[in-house]
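J.: Have a look at this one before I ask anything.
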Amino acid sequence: MPSSSPNTDGRNAMSGKQQRWFSARGVFHHQEPDTYEERVTLWLAVDADEAIAEAERDAAQYCEDLPGTEYLGLMQVYDIRDEPGHGIEVFSLMRDSALPPERYLDTYFDTGTERQSRDPVQT
């Protein structure tokens, strides 16, 4: 299958259309241990549909590479308006909620069971 990878000028090799950066957040389930993962990847694509297609192909490969991992079918993309670089926003999700701030964080982000990456080089 032909690649849709970009040319050096940022255009799609097959269509010639100008590409821009998107981030994609996918949700996965790992059977051992029983863990859910939100994984954010970066894609150069013509539009959001192409970015989702690329990210879902990658999700399938990710699951193939990690036996016992399932892609849950949720892929959200974010159109990055600037070139990726220091301090650039790469993903944003806004959710309306009547929960007070502490309860909101406890419900959606800080349940106490998260495993978060830390810089392995600590000084």
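Scheme for the structure tokens: letters A, B, ... for chains in order shown; per-chain residue numbers from 1; ligand numbers from 1 in order shown.
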Can you tell me which residues surround segment 16-31 of chain A at a distance of at most 6 Å, considering only C-alpha atoms, apart from same-chain residues fewer than 4 positions away, and format the answer as a PDB file with N, CA and C atoms, in the first residue's frame?
T.:
ATOM      1  N   GLY A  10       6.293  19.401   3.030  1.00  0.00           N
ATOM      2  CA  GLY A  10       5.088  19.340   3.845  1.00  0.00           C
ATOM      3  C   GLY A  10       3.838  18.957   3.084  1.00  0.00           C
ATOM      4  N   ARG A  11       3.992  18.518   1.845  1.00  0.00           N
ATOM      5  CA  ARG A  11       2.829  18.108   1.054  1.00  0.00           C
ATOM      6  C   ARG A  11       2.709  16.591   1.081  1.00  0.00           C
ATOM      7  N   ASN A  12       1.480  16.113   0.976  1.00  0.00           N
ATOM      8  CA  ASN A  12       1.216  14.692   0.925  1.00  0.00           C
ATOM      9  C   ASN A  12       1.802  14.125  -0.360  1.00  0.00           C
ATOM     10  N   THR A  35      -5.164  -2.451  32.891  1.00  0.00           N
ATOM     11  CA  THR A  35      -4.782  -1.037  32.843  1.00  0.00           C
ATOM     12  C   THR A  35      -5.342  -0.374  31.594  1.00  0.00           C
ATOM     13  N   TYR A  36      -5.791   0.856  31.752  1.00  0.00           N
ATOM     14  CA  TYR A  36      -6.227   1.678  30.617  1.00  0.00           C
ATOM     15  C   TYR A  36      -5.158   2.715  30.334  1.00  0.00           C
ATOM     16  N   GLU A  37      -4.958   3.000  29.060  1.00  0.00           N
ATOM     17  CA  GLU A  37      -3.929   3.957  28.640  1.00  0.00           C
ATOM     18  C   GLU A  37      -4.532   4.977  27.682  1.00  0.00           C
ATOM     19  N   GLU A  38      -4.213   6.242  27.918  1.00  0.00           N
ATOM     20  CA  GLU A  38      -4.489   7.302  26.951  1.00  0.00           C
ATOM     21  C   GLU A  38      -3.151   7.613  26.300  1.00  0.00           C
ATOM     22  N   ARG A  39      -3.083   7.452  24.995  1.00  0.00           N
ATOM     23  CA  ARG A  39      -1.824   7.601  24.260  1.00  0.00           C
ATOM     24  C   ARG A  39      -1.986   8.725  23.241  1.00  0.00           C
ATOM     25  N   VAL A  40      -1.095   9.718  23.288  1.00  0.00           N
ATOM     26  CA  VAL A  40      -1.153  10.851  22.366  1.00  0.00           C
ATOM     27  C   VAL A  40      -0.002  10.730  21.376  1.00  0.00           C
ATOM     28  N   THR A  41      -0.350  10.783  20.086  1.00  0.00           N
ATOM     29  CA  THR A  41       0.646  10.698  19.022  1.00  0.00           C
ATOM     30  C   THR A  41       0.517  11.919  18.116  1.00  0.00           C
ATOM     31  N   LEU A  42       1.534  12.174  17.329  1.00  0.00           N
ATOM     32  CA  LEU A  42       1.610  13.358  16.478  1.00  0.00           C
ATOM     33  C   LEU A  42       1.615  12.937  15.014  1.00  0.00           C
ATOM     34  N   TRP A  43       0.783  13.611  14.177  1.00  0.00           N
ATOM     35  CA  TRP A  43       0.626  13.234  12.774  1.00  0.00           C
ATOM     36  C   TRP A  43       0.637  14.446  11.870  1.00  0.00           C
ATOM     37  N   LEU A  44       1.289  14.308  10.732  1.00  0.00           N
ATOM     38  CA  LEU A  44       1.263  15.308   9.676  1.00  0.00           C
ATOM     39  C   LEU A  44       0.254  14.804   8.651  1.00  0.00           C
ATOM     40  N   ALA A  45      -0.858  15.550   8.473  1.00  0.00           N
ATOM     41  CA  ALA A  45      -1.953  15.073   7.621  1.00  0.00           C
ATOM     42  C   ALA A  45      -2.627  16.242   6.919  1.00  0.00           C
ATOM     43  N   VAL A  46      -3.370  15.930   5.862  1.00  0.00           N
ATOM     44  CA  VAL A  46      -4.103  16.938   5.097  1.00  0.00           C
ATOM     45  C   VAL A  46      -5.284  17.470   5.905  1.00  0.00           C
ATOM     46  N   GLY A  68      -2.246  -8.648  24.143  1.00  0.00           N
ATOM     47  CA  GLY A  68      -3.084  -8.373  25.309  1.00  0.00           C
ATOM     48  C   GLY A  68      -3.529  -6.925  25.393  1.00  0.00           C
ATOM     49  N   THR A  69      -3.218  -6.147  24.344  1.00  0.00           N
ATOM     50  CA  THR A  69      -3.616  -4.741  24.297  1.00  0.00           C
ATOM     51  C   THR A  69      -4.731  -4.582  23.277  1.00  0.00           C
ATOM     52  N   GLU A  70      -5.759  -3.825  23.655  1.00  0.00           N
ATOM     53  CA  GLU A  70      -6.913  -3.605  22.784  1.00  0.00           C
ATOM     54  C   GLU A  70      -7.130  -2.104  22.593  1.00  0.00           C
ATOM     55  N   TYR A  71      -7.299  -1.690  21.348  1.00  0.00           N
ATOM     56  CA  TYR A  71      -7.693  -0.314  21.032  1.00  0.00           C
ATOM     57  C   TYR A  71      -9.193  -0.234  21.246  1.00  0.00           C
ATOM     58  N   LEU A  72      -9.658   0.726  22.036  1.00  0.00           N
ATOM     59  CA  LEU A  72     -11.063   0.791  22.416  1.00  0.00           C
ATOM     60  C   LEU A  72     -11.935   1.571  21.443  1.00  0.00           C
ATOM     61  N   LEU A  74     -11.725   4.734  20.489  1.00  0.00           N
ATOM     62  CA  LEU A  74     -11.858   6.177  20.711  1.00  0.00           C
ATOM     63  C   LEU A  74     -10.572   6.864  20.272  1.00  0.00           C
ATOM     64  N   MET A  75     -10.679   7.665  19.222  1.00  0.00           N
ATOM     65  CA  MET A  75      -9.533   8.440  18.740  1.00  0.00           C
ATOM     66  C   MET A  75     -10.019   9.872  18.567  1.00  0.00           C
ATOM     67  N   GLN A  76      -9.412  10.785  19.292  1.00  0.00           N
ATOM     68  CA  GLN A  76      -9.752  12.206  19.200  1.00  0.00           C
ATOM     69  C   GLN A  76      -8.562  12.933  18.609  1.00  0.00           C
ATOM     70  N   VAL A  77      -8.811  13.820  17.655  1.00  0.00           N
ATOM     71  CA  VAL A  77      -7.704  14.576  17.071  1.00  0.00           C
ATOM     72  C   VAL A  77      -7.833  16.052  17.402  1.00  0.00           C
ATOM     73  N   TYR A  78      -6.686  16.688  17.429  1.00  0.00           N
ATOM     74  CA  TYR A  78      -6.583  18.115  17.722  1.00  0.00           C
ATOM     75  C   TYR A  78      -5.714  18.738  16.641  1.00  0.00           C
ATOM     76  N   ASP A  79      -6.244  19.742  15.982  1.00  0.00           N
ATOM     77  CA  ASP A  79      -5.531  20.450  14.915  1.00  0.00           C
ATOM     78  C   ASP A  79      -4.554  21.432  15.553  1.00  0.00           C
ATOM     79  N   ILE A  80      -3.274  21.140  15.421  1.00  0.00           N
ATOM     80  CA  ILE A  80      -2.240  22.010  15.987  1.00  0.00           C
ATOM     81  C   ILE A  80      -2.027  23.150  15.005  1.00  0.00           C
TER      82      ILE A  80
END
J.: Using atom CA of Asp58 of chain A and atom CA of Ser15 of chain A as the two end points, give the distance in Å to one decimal.
T.: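 Separation of atom CA of Asp58 of chain A and atom CA of Ser15 of chain A: 20.7 Å.
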J.: Quick one: pull the distance between atom CA of Ala59 of chain A and atom CA of Ser97 of chain A, Å, one decimal.
T.: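 Distance reported for this atom pair: 29.6 Å.
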J.: Give the strand (DSSP E or B) residues of chain A, as assigned by DSSP on the backbone, as a ChimeraX atom specification.
T.: /A:6,11-12,18,20-30,35-45,69-79
J.: For the selection just defined, write its residues with N, CA and C atoms to a file, as a compact mmCIF listing (two decimals), in the first residue's frame.
T.:
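Saved as result03.txt:
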# COMPACT_ATOMS: atom_id res chain seq x y z
N PRO A 6 4.65 12.63 4.21
CA PRO A 6 4.87 13.93 3.59
C PRO A 6 6.13 13.98 2.77
N ARG A 11 3.99 18.52 1.84
CA ARG A 11 2.83 18.11 1.05
C ARG A 11 2.71 16.59 1.08
N ASN A 12 1.48 16.11 0.98
CA ASN A 12 1.22 14.69 0.93
C ASN A 12 1.80 14.13 -0.36
N GLN A 18 -1.32 20.31 0.85
CA GLN A 18 -0.55 20.80 1.99
C GLN A 18 -1.01 20.09 3.26
N ARG A 20 -0.76 19.59 7.61
CA ARG A 20 -0.52 20.31 8.86
C ARG A 20 -0.48 19.29 9.99
N TRP A 21 -0.04 19.74 11.16
CA TRP A 21 0.15 18.84 12.29
C TRP A 21 -1.15 18.64 13.06
N PHE A 22 -1.36 17.39 13.48
CA PHE A 22 -2.47 17.01 14.34
C PHE A 22 -1.92 16.12 15.45
N SER A 23 -2.49 16.24 16.63
CA SER A 23 -2.23 15.23 17.66
C SER A 23 -3.47 14.35 17.73
N ALA A 24 -3.27 13.12 18.13
CA ALA A 24 -4.38 12.17 18.24
C ALA A 24 -4.28 11.46 19.58
N ARG A 25 -5.39 11.43 20.31
CA ARG A 25 -5.43 10.73 21.59
C ARG A 25 -6.29 9.49 21.42
N GLY A 26 -5.68 8.35 21.66
CA GLY A 26 -6.39 7.08 21.59
C GLY A 26 -6.43 6.42 22.95
N VAL A 27 -7.45 5.61 23.17
CA VAL A 27 -7.61 4.92 24.46
C VAL A 27 -7.45 3.42 24.23
N PHE A 28 -6.65 2.81 25.10
CA PHE A 28 -6.29 1.39 24.99
C PHE A 28 -6.53 0.69 26.32
N HIS A 29 -6.75 -0.62 26.24
CA HIS A 29 -6.86 -1.46 27.44
C HIS A 29 -5.78 -2.53 27.36
N HIS A 30 -4.99 -2.62 28.43
CA HIS A 30 -3.96 -3.66 28.56
C HIS A 30 -4.50 -4.69 29.55
N THR A 35 -5.16 -2.45 32.89
CA THR A 35 -4.78 -1.04 32.84
C THR A 35 -5.34 -0.37 31.59
N TYR A 36 -5.79 0.86 31.75
CA TYR A 36 -6.23 1.68 30.62
C TYR A 36 -5.16 2.72 30.33
N GLU A 37 -4.96 3.00 29.06
CA GLU A 37 -3.93 3.96 28.64
C GLU A 37 -4.53 4.98 27.68
N GLU A 38 -4.21 6.24 27.92
CA GLU A 38 -4.49 7.30 26.95
C GLU A 38 -3.15 7.61 26.30
N ARG A 39 -3.08 7.45 24.99
CA ARG A 39 -1.82 7.60 24.26
C ARG A 39 -1.99 8.72 23.24
N VAL A 40 -1.09 9.72 23.29
CA VAL A 40 -1.15 10.85 22.37
C VAL A 40 0.00 10.73 21.38
N THR A 41 -0.35 10.78 20.09
CA THR A 41 0.65 10.70 19.02
C THR A 41 0.52 11.92 18.12
N LEU A 42 1.53 12.17 17.33
CA LEU A 42 1.61 13.36 16.48
C LEU A 42 1.61 12.94 15.01
N TRP A 43 0.78 13.61 14.18
CA TRP A 43 0.63 13.23 12.77
C TRP A 43 0.64 14.45 11.87
N LEU A 44 1.29 14.31 10.73
CA LEU A 44 1.26 15.31 9.68
C LEU A 44 0.25 14.80 8.65
N ALA A 45 -0.86 15.55 8.47
CA ALA A 45 -1.95 15.07 7.62
C ALA A 45 -2.63 16.24 6.92
N THR A 69 -3.22 -6.15 24.34
CA THR A 69 -3.62 -4.74 24.30
C THR A 69 -4.73 -4.58 23.28
N GLU A 70 -5.76 -3.83 23.65
CA GLU A 70 -6.91 -3.61 22.78
C GLU A 70 -7.13 -2.10 22.59
N TYR A 71 -7.30 -1.69 21.35
CA TYR A 71 -7.69 -0.31 21.03
C TYR A 71 -9.19 -0.23 21.25
N LEU A 72 -9.66 0.73 22.04
CA LEU A 72 -11.06 0.79 22.42
C LEU A 72 -11.94 1.57 21.44
N GLY A 73 -11.36 2.01 20.33
CA GLY A 73 -12.16 2.66 19.30
C GLY A 73 -12.40 4.14 19.52
N LEU A 74 -11.72 4.73 20.49
CA LEU A 74 -11.86 6.18 20.71
C LEU A 74 -10.57 6.86 20.27
N MET A 75 -10.68 7.67 19.22
CA MET A 75 -9.53 8.44 18.74
C MET A 75 -10.02 9.87 18.57
N GLN A 76 -9.41 10.78 19.29
CA GLN A 76 -9.75 12.21 19.20
C GLN A 76 -8.56 12.93 18.61
N VAL A 77 -8.81 13.82 17.66
CA VAL A 77 -7.70 14.58 17.07
C VAL A 77 -7.83 16.05 17.40
N TYR A 78 -6.69 16.69 17.43
CA TYR A 78 -6.58 18.12 17.72
C TYR A 78 -5.71 18.74 16.64
N ASP A 79 -6.24 19.74 15.98
CA ASP A 79 -5.53 20.45 14.91
C ASP A 79 -4.55 21.43 15.55
J.: Just asking: which residues within chain A are alpha helix (DSSP H) according to DSSP, as a ChimeraX atom specification?
T.: /A:48-65,101-108
